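> Below you'll find data-v3.tsv; it's TSV, C-alpha atoms.
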chain	number	residue	atom	x	y	z
A	796	MET	CA	0.00	0.00	0.00
A	797	SER	CA	1.51	3.31	-1.06
A	798	GLY	CA	0.95	6.66	0.65
A	799	ARG	CA	-1.03	7.85	-2.34
A	800	PRO	CA	-4.86	7.76	-2.22
A	801	SER	CA	-6.77	5.87	-4.88
A	802	PRO	CA	-8.51	7.93	-7.56
A	803	VAL	CA	-11.87	7.31	-5.84
A	804	GLU	CA	-10.51	8.46	-2.47
A	805	ALA	CA	-8.94	11.51	-4.13
A	806	ALA	CA	-12.30	12.39	-5.74
A	807	ARG	CA	-14.09	12.02	-2.39
A	808	LEU	CA	-11.50	14.23	-0.70
A	809	ALA	CA	-11.86	16.87	-3.44
A	810	ALA	CA	-15.64	16.78	-3.01
A	811	LYS	CA	-15.32	17.23	0.76
A	812	VAL	CA	-12.97	20.19	0.27
A	813	ALA	CA	-15.45	21.75	-2.19
A	814	ASP	CA	-18.30	21.25	0.31
A	815	LEU	CA	-16.24	22.89	3.07
A	816	LYS	CA	-15.43	25.81	0.78
A	817	ARG	CA	-19.10	26.35	-0.07
A	818	GLU	CA	-20.05	26.19	3.61
A	819	LEU	CA	-17.34	28.70	4.54
A	820	GLU	CA	-18.48	31.07	1.79
A	821	ARG	CA	-22.09	30.76	3.03
A	822	GLN	CA	-21.01	31.53	6.59
A	823	ILE	CA	-18.98	34.55	5.45
A	824	ARG	CA	-21.94	35.93	3.47
A	825	THR	CA	-24.21	35.42	6.49
A	826	LEU	CA	-21.72	37.16	8.78
A	827	ASP	CA	-21.35	40.06	6.31
A	828	ALA	CA	-25.14	40.47	6.22
A	829	LEU	CA	-25.36	40.35	10.02
A	830	ILE	CA	-22.65	43.00	10.37
A	831	ALA	CA	-24.44	45.22	7.83
A	832	VAL	CA	-27.73	44.89	9.72
A	833	LEU	CA	-26.02	45.73	13.04
A	834	GLU	CA	-24.50	48.84	11.49
A	835	ASP	CA	-27.74	49.87	9.74
A	836	LYS	CA	-29.82	49.49	12.90
A	837	GLY	CA	-27.25	51.42	14.93
A	838	PHE	CA	-26.45	48.56	17.32
A	839	ALA	CA	-22.74	48.72	16.52
A	840	SER	CA	-20.48	50.95	14.46
A	841	ALA	CA	-17.80	49.68	12.11
A	842	ASP	CA	-15.16	50.89	14.61
A	843	GLU	CA	-16.78	48.93	17.46
A	844	LEU	CA	-16.91	45.79	15.36
A	845	GLN	CA	-13.28	46.28	14.31
A	846	GLU	CA	-12.18	46.72	17.93
A	847	LYS	CA	-14.07	43.56	18.92
A	848	ALA	CA	-12.36	41.65	16.11
A	849	TRP	CA	-8.98	42.80	17.46
A	850	GLN	CA	-9.96	41.72	20.98
A	851	LEU	CA	-10.97	38.27	19.78
A	852	HIS	CA	-7.79	37.95	17.74
A	853	ARG	CA	-5.62	38.91	20.73
A	854	ARG	CA	-7.52	36.49	22.95
A	855	SER	CA	-7.00	33.65	20.47
A	856	LEU	CA	-3.25	34.35	20.51
A	857	ALA	CA	-3.22	34.25	24.33
A	858	VAL	CA	-4.85	30.81	24.70
A	859	PRO	CA	-2.27	28.33	26.03
A	860	ARG	CA	-0.85	26.08	23.32
A	861	ALA	CA	-1.79	22.94	25.27
A	862	VAL	CA	-5.48	23.81	24.95
A	863	LYS	CA	-5.36	24.50	21.22
A	864	THR	CA	-5.53	21.76	18.62
A	865	PRO	CA	-2.17	21.51	16.84
A	866	MET	CA	-2.32	23.43	13.58
A	867	PRO	CA	0.27	23.81	10.85
A	868	LYS	CA	2.29	27.03	10.99
A	869	PRO	CA	0.61	29.75	8.85
A	870	LEU	CA	2.28	30.54	5.57
A	871	GLY	CA	1.70	34.29	5.82
A	872	ASP	CA	1.35	36.92	8.49
A	873	SER	CA	-0.22	36.08	11.84
A	874	VAL	CA	-2.67	38.97	11.37
A	875	PRO	CA	-5.86	38.01	9.50
A	876	SER	CA	-6.22	39.72	6.13
A	877	PHE	CA	-9.31	41.68	7.20
A	878	LEU	CA	-7.29	43.29	10.02
A	879	ARG	CA	-4.16	44.19	8.04
A	880	GLY	CA	-3.51	47.89	7.68
A	881	ARG	CA	-5.74	48.87	10.58
A	882	ALA	CA	-4.27	50.27	13.73
A	883	PRO	CA	-5.40	48.30	16.78
A	884	ALA	CA	-6.26	49.80	20.10
A	885	ALA	CA	-3.44	49.78	22.64
A	886	GLY	CA	-1.75	46.42	22.98
A	887	GLY	CA	-2.79	44.89	19.66
A	888	PRO	CA	-0.54	42.89	17.35
A	889	VAL	CA	1.95	44.79	15.23
A	890	ILE	CA	1.10	44.98	11.55
A	891	PRO	CA	4.12	44.36	9.31
A	892	PRO	CA	5.49	47.54	7.69
A	893	GLY	CA	4.30	48.12	4.16
A	894	ARG	CA	1.12	46.10	4.63
A	895	VAL	CA	-2.03	48.14	4.17
A	896	GLY	CA	-4.58	45.42	3.56
A	897	PRO	CA	-5.22	42.59	1.15
A	898	GLY	CA	-3.11	42.56	-1.95
A	899	PRO	CA	0.52	43.37	-2.64
A	900	PRO	CA	2.60	45.39	-0.16
A	901	ALA	CA	2.42	49.17	-0.49
A	902	THR	CA	5.19	50.91	-2.42
A	903	PRO	CA	7.30	53.00	-0.01
A	904	GLY	CA	7.15	56.74	-0.62
A	905	LEU	CA	3.89	56.71	-2.56
A	906	PRO	CA	0.62	58.00	-1.07
Taking this structure as input, can you express it in the form of structure tokens?

Amino acid sequence: MSGRPSPVEAARLAAKVADLKRELERQIRTLDALIAVLEDKGFASADELQEKAWQLHRRSLAVPRAVKTPMPKPLGDSVPSFLRGRAPAAGGPVIPPGRVGPGPPATPGLP
């Protein structure tokens, strides 16, 4: 038995990954709609939601490693893409220089 999955197993794995992707996209759309409703109804401003996101991110970094499920090391920055380029309240993670959000790094010296 080799370490390579059979074509049927590979197809099942690809289908599971596609299902997970669709579910994640559905959850993101639902969350976006919920955030928009909260802002529209005046329950929370974009700044309040951003600050809460930073708090949750900082809390997730502070959880002891023994409690967390082992995960592979991230390939990119430790700051989620939706938080890049935004200054956190006091004590938040440092955003790498030149990063202003999703996409390529900013060109130094240009507005």
> For Gln845 in chain A, which of A:Ala809, A:Ile830, A:Leu815, A:Pro802 is the closest residue, counting all atoms listed in the file?
A:Ile830
> So how many Å separate CA of Pro800 in chain A and CA of Arg821 in chain A, to one decimal?
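About the pair CA of Pro800 in chain A and CA of Arg821 in chain A: they are 29.2 Å apart.
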> Once 3 Å is added on each side, what centre and edge lengths in Å to one decimal does the axis-aligned box around all listed atoms of range 852-856 of chain A have, as lines of an AutoDock Vina configuration file?

center_x = -5.5
center_y = 36.3
center_z = 20.3
size_x = 10.5
size_y = 11.3
size_z = 11.2
> Go ahead and compute the interatomic distance for CA of Ala813 in chain A and CA of Ala848 in chain A, in Å to one decimal.
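If I compute the distance from CA of Ala813 in chain A to CA of Ala848 in chain A, I get 27.2 Å.
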> Figure out the distance between CA of Ser855 in chain A and CA of Asp814 in chain A, please, to one decimal in Å.
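Atom-to-atom, CA of Asp814 in chain A to CA of Ser855 in chain A, that is 26.2 Å.
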